[in-house]
Amino acid sequence: MSMSTASPVPESAVPPSEPAQVRLARIQRRFAEFAQEYAALPLYSTISRHVAEDDETASLLLSARPGQARPVLWLAALHDLVLRRPDVPAAQWYPSVAGAGALAHGDPWPDVRRTVLDHADEISDRIATRATQTNEVNRAVYVTVGLAAATADRPDTPLALVELGASAGLLLALDRYSVELRSPDGPVQVGDPASPVRCSGDDRTGVGARIAARTGLPPVHGRVGVDAAPVDLRDDEAVRWLEACLWPEVPGRVERFRSARDLLRPDPPPVLAGDMVDGLATAVDRARRSAGADAHVVVLSSWAMTYLAPDRRDDLASAIEALSRQAPDLTWLTAEPPGCVPGIEVPHDAVDGSTVLGVRRWRKARELGPLALGTCHPHGSWLNLTLPLTPR
Ligand SMILES: C[S@@+](CC[C@H](N)C(=O)[O-])C[C@H]1O[C@@H](n2cnc3c(N)ncnc32)[C@H](O)[C@@H]1O
């Protein structure tokens with residue numbers, strides 16, 4: 001089951017002249033499809049199946065901005081309400097509020113429908129003004145392995161880490177988390193073993209665990225993100241919306257998010273507001289100022305480039321190549337859908353929804369061969385890496 005929460009390809013804008021009935025029918029078809037695709041999620045699939053048949057609740061999604069009328073936005077708006085108002089009847093069905101072990105039994109729909117209709121104005125308002133956005137903490141699993149692999153020839157050189165599309169910057173602090181890789185050769189732990197943020201994934205081939213055990217994470221001396229809509233970890237409402245966009249039924253997902261939020265809130269990694277292509281040079285400059293001119297610059301993109309139009313992806317590749325002439329060592333680490341990153345081949349096992357872990361490395365302005373390290377679950381639940389990087 002794929003667990004990505006947002007289609008990276010925006011749907012085309014709805015023609016303003018289209019009758020509401022036609023739009024409503026399309027919205028309800030989407031709920032029916034969502035219910036089918038995510039049948040393994042009891043709460044969200046049940047709600048979606050009912051909304052597909054219920055004009056009153058489905059019609060709230062008519063207030064969405066062009067291109068945003070997707071079931072995940074409706075579900076996030078309701079989740080936001082439930083997080084904000086744990087006294088509403090629907091809340092007892094949400095593991096993120098009631099706790100996974102204390103959920104109500106039976107059919108959630110009567111309570112959910114009542115809650116939605118009693119708070120229709122609030123939910124509509126959220127739908128009209130928001131878009132879904134995520135920051136997946138467990139992606140630290142594939143980023144950790146990618147970083148260990150990409151810096152294997154520079155294990156002691158401090159990193160200037162720059163994340164494109166960093167959201168709230170939760171991945172920029174991955175060295176403050178505990179990452180466990182469960183491999184056929186046994187578990188390997190990387191990062192801070194005492195961290196309250198526990199990330200883990202199955203390393204199917206054992207390649208990632210071997211690389212991580214050998215290299216570990218280099219010291220991160222500078223970290224800066226850039227995002228079109230950065231989330232300030234000290235802004236409670238914005239952070240609650242980010243949490244509301246998570247699917248409450250996926251075990252550990254909300255808990256991990258909350259522990260990372262609490263760990264980082266006193267001193268969040270800086271995330272600059274801006275477009276990732278236009279803001280790249282400033283972010284790299286700022287990270288190098290913290291880490292030192294000799295630092296190894298690592299530019300990370302995780303489920304972010306997929307939002308760029310193909311010509312902007314080429315622009316980004318050119319901008320990164322240009323920066324490689326200014327830093328002694330530069331690595332571009334990518335975790336994006338197949339075919340998204342210029343120069344990174346699609347692994348043979350990649351399917352729709354896979355995440356391809358790739359690296360492009362420049363050493364003294366000369367590019368080493370681009371490498372696809374393998375595929376991963378989009379939230380780091382598993383890795384299937386085939387290519388061990390060896391020191392140069
Ligand atoms: C799916 S989230 C991924 C967040 C984070 N990288 C992660 O893996 O958890 C994509 C992020 O990219 C940002 N984004 C989309 N287009 C962008 C652009 N052109 N420039 C900068 N950020 C962008 C969004 O605002 C969002 O925060």
# chains A, B, ... in the order shown; residues from 1 in each chain; ligands from 1
>>> residues_near_ligand(ligand="ligand 1", cutoff="7 Å", atoms="only C-alpha atoms and all ligand atoms", output="ChimeraX atom specification")
/A:133-137,139,164-167,171,226-230,274-277,301-304,307-308
>>> closest_atom_pairs(of="region 182-291 of chain A", to="region 154-161 of chain A", cutoff="10 Å", atoms="only C-alpha atoms", output="JSON lines")
{"residue": "A:Arg214", "atom": "CA", "partner": "A:Pro155", "partner_atom": "CA", "distance": 9.7}
{"residue": "A:Thr215", "atom": "CA", "partner": "A:Pro155", "partner_atom": "CA", "distance": 6.3}
{"residue": "A:Gly216", "atom": "CA", "partner": "A:Pro155", "partner_atom": "CA", "distance": 7.8}
{"residue": "A:Leu217", "atom": "CA", "partner": "A:Pro155", "partner_atom": "CA", "distance": 7.4}
{"residue": "A:Pro218", "atom": "CA", "partner": "A:Pro155", "partner_atom": "CA", "distance": 5.4}
{"residue": "A:Pro219", "atom": "CA", "partner": "A:Pro158", "partner_atom": "CA", "distance": 5.1}
{"residue": "A:Val220", "atom": "CA", "partner": "A:Leu159", "partner_atom": "CA", "distance": 4.6}
{"residue": "A:His221", "atom": "CA", "partner": "A:Leu159", "partner_atom": "CA", "distance": 5.7}
{"residue": "A:Gly222", "atom": "CA", "partner": "A:Ala160", "partner_atom": "CA", "distance": 4.5}
{"residue": "A:Arg223", "atom": "CA", "partner": "A:Leu161", "partner_atom": "CA", "distance": 4.6}
{"residue": "A:Val224", "atom": "CA", "partner": "A:Leu161", "partner_atom": "CA", "distance": 6.5}
{"residue": "A:Gly225", "atom": "CA", "partner": "A:Leu161", "partner_atom": "CA", "distance": 8.3}
{"residue": "A:Ala283", "atom": "CA", "partner": "A:Leu161", "partner_atom": "CA", "distance": 9.3}
{"residue": "A:Val284", "atom": "CA", "partner": "A:Ala160", "partner_atom": "CA", "distance": 7.6}
{"residue": "A:Asp285", "atom": "CA", "partner": "A:Ala160", "partner_atom": "CA", "distance": 9.3}
{"residue": "A:Arg286", "atom": "CA", "partner": "A:Ala160", "partner_atom": "CA", "distance": 8.9}
{"residue": "A:Ala287", "atom": "CA", "partner": "A:Ala160", "partner_atom": "CA", "distance": 5.2}
{"residue": "A:Arg288", "atom": "CA", "partner": "A:Ala160", "partner_atom": "CA", "distance": 5.6}
{"residue": "A:Arg289", "atom": "CA", "partner": "A:Ala160", "partner_atom": "CA", "distance": 8.7}
{"residue": "A:Ser290", "atom": "CA", "partner": "A:Ala160", "partner_atom": "CA", "distance": 7.6}
{"residue": "A:Ala291", "atom": "CA", "partner": "A:Ala160", "partner_atom": "CA", "distance": 5.5}
>>> write_last_selection(atoms="N, CA, C and O atoms", output="PDB file, in the first residue's frame")
ATOM      1  N   ARG A 214      29.456   0.946   8.524  1.00  0.00           N
ATOM      2  CA  ARG A 214      30.862   1.234   8.229  1.00  0.00           C
ATOM      3  C   ARG A 214      31.164   2.729   8.332  1.00  0.00           C
ATOM      4  O   ARG A 214      32.158   3.143   8.906  1.00  0.00           O
ATOM      5  N   THR A 215      30.270   3.553   7.792  1.00  0.00           N
ATOM      6  CA  THR A 215      30.561   4.980   7.647  1.00  0.00           C
ATOM      7  C   THR A 215      29.925   5.829   8.738  1.00  0.00           C
ATOM      8  O   THR A 215      30.497   6.821   9.175  1.00  0.00           O
ATOM      9  N   GLY A 216      28.719   5.473   9.157  1.00  0.00           N
ATOM     10  CA  GLY A 216      27.972   6.330  10.089  1.00  0.00           C
ATOM     11  C   GLY A 216      27.643   7.661   9.430  1.00  0.00           C
ATOM     12  O   GLY A 216      27.784   7.822   8.206  1.00  0.00           O
ATOM     13  N   LEU A 217      27.228   8.611  10.241  1.00  0.00           N
ATOM     14  CA  LEU A 217      26.900   9.932   9.698  1.00  0.00           C
ATOM     15  C   LEU A 217      28.054  10.889   9.948  1.00  0.00           C
ATOM     16  O   LEU A 217      28.545  10.982  11.071  1.00  0.00           O
ATOM     17  N   PRO A 218      28.493  11.612   8.944  1.00  0.00           N
ATOM     18  CA  PRO A 218      29.505  12.641   9.184  1.00  0.00           C
ATOM     19  C   PRO A 218      28.909  13.744  10.061  1.00  0.00           C
ATOM     20  O   PRO A 218      27.689  13.895  10.122  1.00  0.00           O
ATOM     21  N   PRO A 219      29.766  14.523  10.750  1.00  0.00           N
ATOM     22  CA  PRO A 219      29.223  15.604  11.593  1.00  0.00           C
ATOM     23  C   PRO A 219      28.540  16.679  10.751  1.00  0.00           C
ATOM     24  O   PRO A 219      29.090  17.111   9.733  1.00  0.00           O
ATOM     25  N   VAL A 220      27.333  17.079  11.158  1.00  0.00           N
ATOM     26  CA  VAL A 220      26.598  18.120  10.425  1.00  0.00           C
ATOM     27  C   VAL A 220      26.887  19.457  11.117  1.00  0.00           C
ATOM     28  O   VAL A 220      26.461  19.672  12.243  1.00  0.00           O
ATOM     29  N   HIS A 221      27.624  20.333  10.435  1.00  0.00           N
ATOM     30  CA  HIS A 221      28.005  21.620  11.057  1.00  0.00           C
ATOM     31  C   HIS A 221      27.155  22.786  10.560  1.00  0.00           C
ATOM     32  O   HIS A 221      27.209  23.869  11.122  1.00  0.00           O
ATOM     33  N   GLY A 222      26.445  22.565   9.469  1.00  0.00           N
ATOM     34  CA  GLY A 222      25.566  23.626   8.966  1.00  0.00           C
ATOM     35  C   GLY A 222      24.334  22.967   8.382  1.00  0.00           C
ATOM     36  O   GLY A 222      24.442  21.921   7.737  1.00  0.00           O
ATOM     37  N   ARG A 223      23.161  23.515   8.633  1.00  0.00           N
ATOM     38  CA  ARG A 223      21.933  22.934   8.061  1.00  0.00           C
ATOM     39  C   ARG A 223      20.956  24.054   7.766  1.00  0.00           C
ATOM     40  O   ARG A 223      20.664  24.877   8.636  1.00  0.00           O
ATOM     41  N   VAL A 224      20.470  24.075   6.545  1.00  0.00           N
ATOM     42  CA  VAL A 224      19.531  25.114   6.111  1.00  0.00           C
ATOM     43  C   VAL A 224      18.557  24.479   5.116  1.00  0.00           C
ATOM     44  O   VAL A 224      18.960  23.702   4.255  1.00  0.00           O
ATOM     45  N   GLY A 225      17.283  24.825   5.260  1.00  0.00           N
ATOM     46  CA  GLY A 225      16.291  24.360   4.305  1.00  0.00           C
ATOM     47  C   GLY A 225      15.761  25.520   3.485  1.00  0.00           C
ATOM     48  O   GLY A 225      15.941  26.684   3.831  1.00  0.00           O
ATOM     49  N   ALA A 283      20.749  29.436   0.211  1.00  0.00           N
ATOM     50  CA  ALA A 283      20.714  28.403   1.262  1.00  0.00           C
ATOM     51  C   ALA A 283      22.086  27.734   1.389  1.00  0.00           C
ATOM     52  O   ALA A 283      22.582  27.512   2.497  1.00  0.00           O
ATOM     53  N   VAL A 284      22.726  27.443   0.254  1.00  0.00           N
ATOM     54  CA  VAL A 284      24.052  26.802   0.300  1.00  0.00           C
ATOM     55  C   VAL A 284      25.055  27.747   0.946  1.00  0.00           C
ATOM     56  O   VAL A 284      25.851  27.346   1.803  1.00  0.00           O
ATOM     57  N   ASP A 285      24.981  29.013   0.567  1.00  0.00           N
ATOM     58  CA  ASP A 285      25.898  29.996   1.122  1.00  0.00           C
ATOM     59  C   ASP A 285      25.748  30.060   2.646  1.00  0.00           C
ATOM     60  O   ASP A 285      26.724  30.061   3.387  1.00  0.00           O
ATOM     61  N   ARG A 286      24.489  30.070   3.096  1.00  0.00           N
ATOM     62  CA  ARG A 286      24.255  30.176   4.542  1.00  0.00           C
ATOM     63  C   ARG A 286      24.744  28.922   5.275  1.00  0.00           C
ATOM     64  O   ARG A 286      25.343  29.006   6.345  1.00  0.00           O
ATOM     65  N   ALA A 287      24.522  27.764   4.691  1.00  0.00           N
ATOM     66  CA  ALA A 287      24.974  26.523   5.338  1.00  0.00           C
ATOM     67  C   ALA A 287      26.499  26.471   5.374  1.00  0.00           C
ATOM     68  O   ALA A 287      27.092  26.030   6.369  1.00  0.00           O
ATOM     69  N   ARG A 288      27.141  26.954   4.305  1.00  0.00           N
ATOM     70  CA  ARG A 288      28.623  26.942   4.290  1.00  0.00           C
ATOM     71  C   ARG A 288      29.188  27.935   5.297  1.00  0.00           C
ATOM     72  O   ARG A 288      30.260  27.722   5.846  1.00  0.00           O
ATOM     73  N   ARG A 289      28.460  29.025   5.516  1.00  0.00           N
ATOM     74  CA  ARG A 289      28.961  29.991   6.502  1.00  0.00           C
ATOM     75  C   ARG A 289      28.976  29.363   7.901  1.00  0.00           C
ATOM     76  O   ARG A 289      29.849  29.642   8.699  1.00  0.00           O
ATOM     77  N   SER A 290      28.020  28.481   8.188  1.00  0.00           N
ATOM     78  CA  SER A 290      28.017  27.799   9.497  1.00  0.00           C
ATOM     79  C   SER A 290      29.031  26.663   9.527  1.00  0.00           C
ATOM     80  O   SER A 290      29.659  26.417  10.547  1.00  0.00           O
ATOM     81  N   ALA A 291      29.160  25.966   8.420  1.00  0.00           N
ATOM     82  CA  ALA A 291      29.956  24.726   8.435  1.00  0.00           C
ATOM     83  C   ALA A 291      31.417  24.949   8.051  1.00  0.00           C
ATOM     84  O   ALA A 291      32.262  24.092   8.309  1.00  0.00           O
TER      85      ALA A 291
END
>>> residues_around(residues="Arg126 (chain A)", least_positions_apart="3", cutoff="12 Å", atoms="only C-alpha atoms", output="mmCIF file with all heavy atoms, in the first residue's frame")
data_model
loop_
_atom_site.group_PDB
_atom_site.id
_atom_site.type_symbol
_atom_site.label_atom_id
_atom_site.label_comp_id
_atom_site.auth_asym_id
_atom_site.auth_seq_id
_atom_site.Cartn_x
_atom_site.Cartn_y
_atom_site.Cartn_z
ATOM 1 N N LEU A 60 -18.640 19.827 0.986
ATOM 2 C CA LEU A 60 -17.710 20.762 1.640
ATOM 3 C C LEU A 60 -16.440 20.932 0.812
ATOM 4 O O LEU A 60 -15.792 21.972 0.853
ATOM 5 C CB LEU A 60 -17.343 20.276 3.051
ATOM 6 C CG LEU A 60 -18.479 20.120 4.055
ATOM 7 C CD1 LEU A 60 -17.925 19.911 5.459
ATOM 8 C CD2 LEU A 60 -19.392 21.330 4.046
ATOM 9 N N LEU A 61 -16.111 19.889 0.049
ATOM 10 C CA LEU A 61 -14.882 19.967 -0.749
ATOM 11 C C LEU A 61 -15.034 20.893 -1.967
ATOM 12 O O LEU A 61 -14.047 21.265 -2.608
ATOM 13 C CB LEU A 61 -14.458 18.551 -1.185
ATOM 14 C CG LEU A 61 -13.007 18.310 -1.590
ATOM 15 C CD1 LEU A 61 -11.992 18.885 -0.621
ATOM 16 C CD2 LEU A 61 -12.738 16.818 -1.797
ATOM 17 N N LEU A 62 -16.268 21.324 -2.234
ATOM 18 C CA LEU A 62 -16.477 22.272 -3.339
ATOM 19 C C LEU A 62 -15.802 23.612 -3.045
ATOM 20 O O LEU A 62 -15.549 24.396 -3.952
ATOM 21 C CB LEU A 62 -17.978 22.498 -3.574
ATOM 22 C CG LEU A 62 -18.743 21.331 -4.212
ATOM 23 C CD1 LEU A 62 -20.241 21.592 -4.146
ATOM 24 C CD2 LEU A 62 -18.293 21.106 -5.652
ATOM 25 N N SER A 63 -15.516 23.879 -1.764
ATOM 26 C CA SER A 63 -14.895 25.176 -1.438
ATOM 27 C C SER A 63 -13.377 25.175 -1.689
ATOM 28 O O SER A 63 -12.722 26.207 -1.522
ATOM 29 C CB SER A 63 -15.176 25.558 0.019
ATOM 30 O OG SER A 63 -14.532 24.655 0.890
ATOM 31 N N ALA A 64 -12.815 24.024 -2.068
ATOM 32 C CA ALA A 64 -11.355 23.958 -2.270
ATOM 33 C C ALA A 64 -10.920 24.855 -3.420
ATOM 34 O O ALA A 64 -11.668 25.097 -4.363
ATOM 35 C CB ALA A 64 -10.941 22.522 -2.572
ATOM 36 N N ARG A 65 -9.687 25.333 -3.313
ATOM 37 C CA ARG A 65 -9.139 26.148 -4.402
ATOM 38 C C ARG A 65 -8.934 25.268 -5.636
ATOM 39 O O ARG A 65 -8.808 24.041 -5.501
ATOM 40 C CB ARG A 65 -7.813 26.765 -3.967
ATOM 41 C CG ARG A 65 -8.028 27.847 -2.913
ATOM 42 C CD ARG A 65 -6.732 28.429 -2.457
ATOM 43 N NE ARG A 65 -5.960 27.487 -1.669
ATOM 44 C CZ ARG A 65 -4.840 27.769 -1.025
ATOM 45 N NH1 ARG A 65 -4.327 28.976 -1.096
ATOM 46 N NH2 ARG A 65 -4.200 26.873 -0.325
ATOM 47 N N GLN A 68 -7.247 21.655 -5.850
ATOM 48 C CA GLN A 68 -7.015 21.108 -4.498
ATOM 49 C C GLN A 68 -8.141 20.187 -4.021
ATOM 50 O O GLN A 68 -8.080 19.698 -2.884
ATOM 51 C CB GLN A 68 -6.875 22.264 -3.489
ATOM 52 C CG GLN A 68 -5.708 23.184 -3.735
ATOM 53 C CD GLN A 68 -4.373 22.487 -3.532
ATOM 54 O OE1 GLN A 68 -4.247 21.572 -2.731
ATOM 55 N NE2 GLN A 68 -3.381 22.889 -4.306
ATOM 56 N N LEU A 73 -7.502 16.424 1.339
ATOM 57 C CA LEU A 73 -7.689 17.763 1.910
ATOM 58 C C LEU A 73 -8.901 17.763 2.851
ATOM 59 O O LEU A 73 -8.856 18.315 3.953
ATOM 60 C CB LEU A 73 -7.849 18.797 0.792
ATOM 61 C CG LEU A 73 -8.065 20.242 1.239
ATOM 62 C CD1 LEU A 73 -6.909 20.742 2.102
ATOM 63 C CD2 LEU A 73 -8.242 21.175 0.030
ATOM 64 N N TRP A 74 -9.967 17.131 2.420
ATOM 65 C CA TRP A 74 -11.182 17.011 3.260
ATOM 66 C C TRP A 74 -10.825 16.264 4.545
ATOM 67 O O TRP A 74 -11.190 16.693 5.648
ATOM 68 C CB TRP A 74 -12.232 16.249 2.450
ATOM 69 C CG TRP A 74 -13.618 16.150 3.002
ATOM 70 C CD1 TRP A 74 -14.713 16.856 2.586
ATOM 71 C CD2 TRP A 74 -14.089 15.241 4.027
ATOM 72 N NE1 TRP A 74 -15.830 16.460 3.294
ATOM 73 C CE2 TRP A 74 -15.473 15.470 4.186
ATOM 74 C CE3 TRP A 74 -13.484 14.272 4.823
ATOM 75 C CZ2 TRP A 74 -16.257 14.766 5.101
ATOM 76 C CZ3 TRP A 74 -14.253 13.565 5.746
ATOM 77 C CH2 TRP A 74 -15.617 13.814 5.876
ATOM 78 N N LEU A 75 -10.110 15.160 4.416
ATOM 79 C CA LEU A 75 -9.741 14.350 5.587
ATOM 80 C C LEU A 75 -8.812 15.134 6.520
ATOM 81 O O LEU A 75 -8.919 15.035 7.746
ATOM 82 C CB LEU A 75 -9.070 13.044 5.129
ATOM 83 C CG LEU A 75 -10.009 12.040 4.449
ATOM 84 C CD1 LEU A 75 -9.223 10.981 3.684
ATOM 85 C CD2 LEU A 75 -10.938 11.375 5.473
ATOM 86 N N ALA A 76 -7.916 15.922 5.945
ATOM 87 C CA ALA A 76 -7.002 16.719 6.776
ATOM 88 C C ALA A 76 -7.780 17.806 7.528
ATOM 89 O O ALA A 76 -7.495 18.090 8.697
ATOM 90 C CB ALA A 76 -5.909 17.351 5.911
ATOM 91 N N ALA A 77 -8.761 18.419 6.864
ATOM 92 C CA ALA A 77 -9.545 19.477 7.521
ATOM 93 C C ALA A 77 -10.324 18.898 8.708
ATOM 94 O O ALA A 77 -10.417 19.527 9.773
ATOM 95 C CB ALA A 77 -10.489 20.131 6.518
ATOM 96 N N LEU A 78 -10.853 17.683 8.537
ATOM 97 C CA LEU A 78 -11.568 17.047 9.650
ATOM 98 C C LEU A 78 -10.581 16.642 10.755
ATOM 99 O O LEU A 78 -10.849 16.839 11.947
ATOM 100 C CB LEU A 78 -12.345 15.822 9.129
ATOM 101 C CG LEU A 78 -13.027 14.979 10.211
ATOM 102 C CD1 LEU A 78 -14.035 15.796 11.022
ATOM 103 C CD2 LEU A 78 -13.721 13.763 9.587
ATOM 104 N N HIS A 79 -9.429 16.101 10.368
ATOM 105 C CA HIS A 79 -8.425 15.697 11.360
ATOM 106 C C HIS A 79 -7.962 16.923 12.156
ATOM 107 O O HIS A 79 -7.780 16.863 13.375
ATOM 108 C CB HIS A 79 -7.246 15.014 10.642
ATOM 109 C CG HIS A 79 -6.306 14.291 11.552
ATOM 110 N ND1 HIS A 79 -5.048 13.888 11.156
ATOM 111 C CD2 HIS A 79 -6.402 13.896 12.857
ATOM 112 C CE1 HIS A 79 -4.442 13.281 12.155
ATOM 113 N NE2 HIS A 79 -5.239 13.268 13.196
ATOM 114 N N ASP A 80 -7.811 18.048 11.468
ATOM 115 C CA ASP A 80 -7.409 19.286 12.144
ATOM 116 C C ASP A 80 -8.445 19.674 13.217
ATOM 117 O O ASP A 80 -8.097 20.025 14.339
ATOM 118 C CB ASP A 80 -7.266 20.391 11.097
ATOM 119 C CG ASP A 80 -6.744 21.682 11.695
ATOM 120 O OD1 ASP A 80 -5.591 21.698 12.133
ATOM 121 O OD2 ASP A 80 -7.507 22.674 11.732
ATOM 122 N N LEU A 81 -9.718 19.563 12.846
ATOM 123 C CA LEU A 81 -10.791 19.885 13.799
ATOM 124 C C LEU A 81 -10.726 18.953 15.008
ATOM 125 O O LEU A 81 -10.834 19.383 16.172
ATOM 126 C CB LEU A 81 -12.157 19.750 13.104
ATOM 127 C CG LEU A 81 -13.345 19.906 14.045
ATOM 128 C CD1 LEU A 81 -13.641 21.379 14.302
ATOM 129 C CD2 LEU A 81 -14.586 19.210 13.505
ATOM 130 N N HIS A 119 -19.840 21.166 12.308
ATOM 131 C CA HIS A 119 -18.696 22.093 12.183
ATOM 132 C C HIS A 119 -18.395 22.383 10.711
ATOM 133 O O HIS A 119 -17.250 22.625 10.343
ATOM 134 C CB HIS A 119 -17.464 21.492 12.873
ATOM 135 C CG HIS A 119 -17.675 21.290 14.333
ATOM 136 N ND1 HIS A 119 -17.414 22.265 15.275
ATOM 137 C CD2 HIS A 119 -18.189 20.234 15.012
ATOM 138 C CE1 HIS A 119 -17.736 21.807 16.481
ATOM 139 N NE2 HIS A 119 -18.197 20.573 16.344
ATOM 140 N N ALA A 120 -19.457 22.377 9.901
ATOM 141 C CA ALA A 120 -19.276 22.504 8.452
ATOM 142 C C ALA A 120 -18.551 23.803 8.080
ATOM 143 O O ALA A 120 -17.692 23.813 7.190
ATOM 144 C CB ALA A 120 -20.625 22.423 7.749
ATOM 145 N N ASP A 121 -18.869 24.897 8.781
ATOM 146 C CA ASP A 121 -18.255 26.176 8.416
ATOM 147 C C ASP A 121 -16.747 26.150 8.671
ATOM 148 O O ASP A 121 -15.953 26.591 7.838
ATOM 149 C CB ASP A 121 -18.880 27.331 9.205
ATOM 150 C CG ASP A 121 -20.287 27.625 8.714
ATOM 151 O OD1 ASP A 121 -20.640 27.096 7.636
ATOM 152 O OD2 ASP A 121 -21.023 28.348 9.414
ATOM 153 N N GLU A 122 -16.367 25.613 9.833
ATOM 154 C CA GLU A 122 -14.928 25.553 10.148
ATOM 155 C C GLU A 122 -14.188 24.659 9.151
ATOM 156 O O GLU A 122 -13.085 24.987 8.700
ATOM 157 C CB GLU A 122 -14.708 24.958 11.547
ATOM 158 C CG GLU A 122 -15.053 25.871 12.691
ATOM 159 C CD GLU A 122 -15.109 25.084 13.998
ATOM 160 O OE1 GLU A 122 -14.037 24.807 14.561
ATOM 161 O OE2 GLU A 122 -16.224 24.738 14.436
ATOM 162 N N ILE A 123 -14.794 23.534 8.839
ATOM 163 C CA ILE A 123 -14.125 22.591 7.928
ATOM 164 C C ILE A 123 -14.021 23.200 6.520
ATOM 165 O O ILE A 123 -12.974 23.153 5.873
ATOM 166 C CB ILE A 123 -14.864 21.230 7.928
ATOM 167 C CG1 ILE A 123 -14.704 20.576 9.300
ATOM 168 C CG2 ILE A 123 -14.330 20.311 6.832
ATOM 169 C CD1 ILE A 123 -15.476 19.288 9.488
ATOM 170 N N THR A 129 -8.893 27.408 2.333
ATOM 171 C CA THR A 129 -7.690 28.236 2.501
ATOM 172 C C THR A 129 -6.391 27.433 2.587
ATOM 173 O O THR A 129 -5.316 28.019 2.647
ATOM 174 C CB THR A 129 -7.817 29.083 3.791
ATOM 175 O OG1 THR A 129 -8.092 28.203 4.895
ATOM 176 C CG2 THR A 129 -8.930 30.103 3.677
ATOM 177 N N ARG A 130 -6.475 26.114 2.630
ATOM 178 C CA ARG A 130 -5.266 25.313 2.852
ATOM 179 C C ARG A 130 -4.999 24.375 1.689
ATOM 180 O O ARG A 130 -5.871 24.081 0.882
ATOM 181 C CB ARG A 130 -5.411 24.443 4.121
ATOM 182 C CG ARG A 130 -5.680 25.196 5.396
ATOM 183 C CD ARG A 130 -4.455 25.982 5.802
ATOM 184 N NE ARG A 130 -4.724 26.824 6.953
ATOM 185 C CZ ARG A 130 -4.413 26.515 8.201
ATOM 186 N NH1 ARG A 130 -3.811 25.373 8.470
ATOM 187 N NH2 ARG A 130 -4.684 27.353 9.180
ATOM 188 N N ALA A 131 -3.755 23.857 1.696
ATOM 189 C CA ALA A 131 -3.384 22.747 0.814
ATOM 190 C C ALA A 131 -2.684 21.727 1.708
ATOM 191 O O ALA A 131 -2.147 22.097 2.761
ATOM 192 C CB ALA A 131 -2.428 23.230 -0.273
ATOM 193 N N THR A 132 -2.703 20.475 1.318
ATOM 194 C CA THR A 132 -2.035 19.482 2.165
ATOM 195 C C THR A 132 -0.526 19.654 2.060
ATOM 196 O O THR A 132 0.005 20.047 1.019
ATOM 197 C CB THR A 132 -2.413 18.042 1.767
ATOM 198 O OG1 THR A 132 -2.171 17.873 0.378
ATOM 199 C CG2 THR A 132 -3.858 17.736 2.092
ATOM 200 N N GLU A 237 -0.570 26.583 15.243
ATOM 201 C CA GLU A 237 -1.625 26.296 14.266
ATOM 202 C C GLU A 237 -1.046 25.665 12.993
ATOM 203 O O GLU A 237 -1.580 24.690 12.457
ATOM 204 C CB GLU A 237 -2.383 27.581 13.922
ATOM 205 C CG GLU A 237 -3.674 27.274 13.208
ATOM 206 C CD GLU A 237 -4.549 28.504 13.016
ATOM 207 O OE1 GLU A 237 -4.493 29.407 13.871
ATOM 208 O OE2 GLU A 237 -5.259 28.547 12.009
ATOM 209 N N ALA A 238 0.086 26.216 12.549
ATOM 210 C CA ALA A 238 0.713 25.679 11.334
ATOM 211 C C ALA A 238 1.213 24.252 11.564
ATOM 212 O O ALA A 238 1.079 23.385 10.688
ATOM 213 C CB ALA A 238 1.878 26.583 10.918
ATOM 214 N N TRP A 241 -1.654 21.812 11.551
ATOM 215 C CA TRP A 241 -2.111 21.488 10.195
ATOM 216 C C TRP A 241 -1.197 20.425 9.563
ATOM 217 O O TRP A 241 -1.662 19.481 8.926
ATOM 218 C CB TRP A 241 -2.165 22.748 9.320
ATOM 219 C CG TRP A 241 -2.569 22.403 7.911
ATOM 220 C CD1 TRP A 241 -1.777 22.394 6.805
ATOM 221 C CD2 TRP A 241 -3.866 21.966 7.473
ATOM 222 N NE1 TRP A 241 -2.487 21.977 5.704
ATOM 223 C CE2 TRP A 241 -3.773 21.712 6.083
ATOM 224 C CE3 TRP A 241 -5.086 21.753 8.122
ATOM 225 C CZ2 TRP A 241 -4.862 21.258 5.332
ATOM 226 C CZ3 TRP A 241 -6.173 21.302 7.362
ATOM 227 C CH2 TRP A 241 -6.045 21.066 5.991
ATOM 228 N N ALA A 244 -2.209 17.321 10.989
ATOM 229 C CA ALA A 244 -3.525 16.914 10.502
ATOM 230 C C ALA A 244 -3.432 16.261 9.122
ATOM 231 O O ALA A 244 -4.274 15.441 8.751
ATOM 232 C CB ALA A 244 -4.460 18.127 10.442
ATOM 233 N N CYS A 245 -2.405 16.619 8.377
ATOM 234 C CA CYS A 245 -2.232 16.031 7.037
ATOM 235 C C CYS A 245 -1.674 14.605 7.110
ATOM 236 O O CYS A 245 -1.618 13.916 6.097
ATOM 237 C CB CYS A 245 -1.322 16.910 6.181
ATOM 238 S SG CYS A 245 -2.087 18.490 5.762
#
>>> closest_residue(among="A:Trp332, A:Trp382, A:Tyr44, A:Tyr142", to="Arg360 (chain A)", atoms="only C-alpha atoms")
A:Trp332
>>> select_by_dssp(residues="region 93-205 of chain A", states="helix (DSSP H, G or I)", output="PyMOL selection string")
chain A and resi 93+95-98+100-102+109-118+120-129+137-150+170-176
>>> select_by_dssp(residues="region 73-263 of chain A", states="strand (DSSP E or B)", output="PyMOL selection string")
chain A and resi 159-164+178-183+186-191+198-203+220-227
>>> closest_residue(among="A:Gln189, A:Ser195, A:Thr151, A:Asn138", to="Thr331 (chain A)", atoms="only C-alpha atoms")
A:Thr151
>>> residues_around(residues="region 336-353 of chain A", least_positions_apart="5", cutoff="7 Å", atoms="only C-alpha atoms", output="list of chain:residue names")
A:Ser2, A:Ser302, A:Trp303, A:Met305, A:Thr306, A:Asp314, A:Ala317, A:Gly358, A:Pro370, A:Leu371, A:Ala372, A:Gly374, A:Thr375
>>> closest_atom_pairs(of="region 202-279 of chain A", to="region 97-113 of chain A", cutoff="12 Å", atoms="only C-alpha atoms", output="Markdown table")
| residue | atom | partner | partner_atom | distance |
| --- | --- | --- | --- | --- |
| A:Glu243 | CA | A:Val97 | CA | 11.7 |
| A:Ala244 | CA | A:Val97 | CA | 11.1 |
| A:Pro248 | CA | A:Val97 | CA | 8.8 |
| A:Glu249 | CA | A:Ala100 | CA | 8.2 |
| A:Val250 | CA | A:Ala100 | CA | 10.1 |
| A:Pro251 | CA | A:Ala100 | CA | 8.5 |
| A:Gly252 | CA | A:Ala100 | CA | 10.0 |
| A:Arg253 | CA | A:Ala100 | CA | 11.9 |
| A:Val254 | CA | A:Val97 | CA | 10.1 |
| A:Glu255 | CA | A:Gly99 | CA | 10.2 |
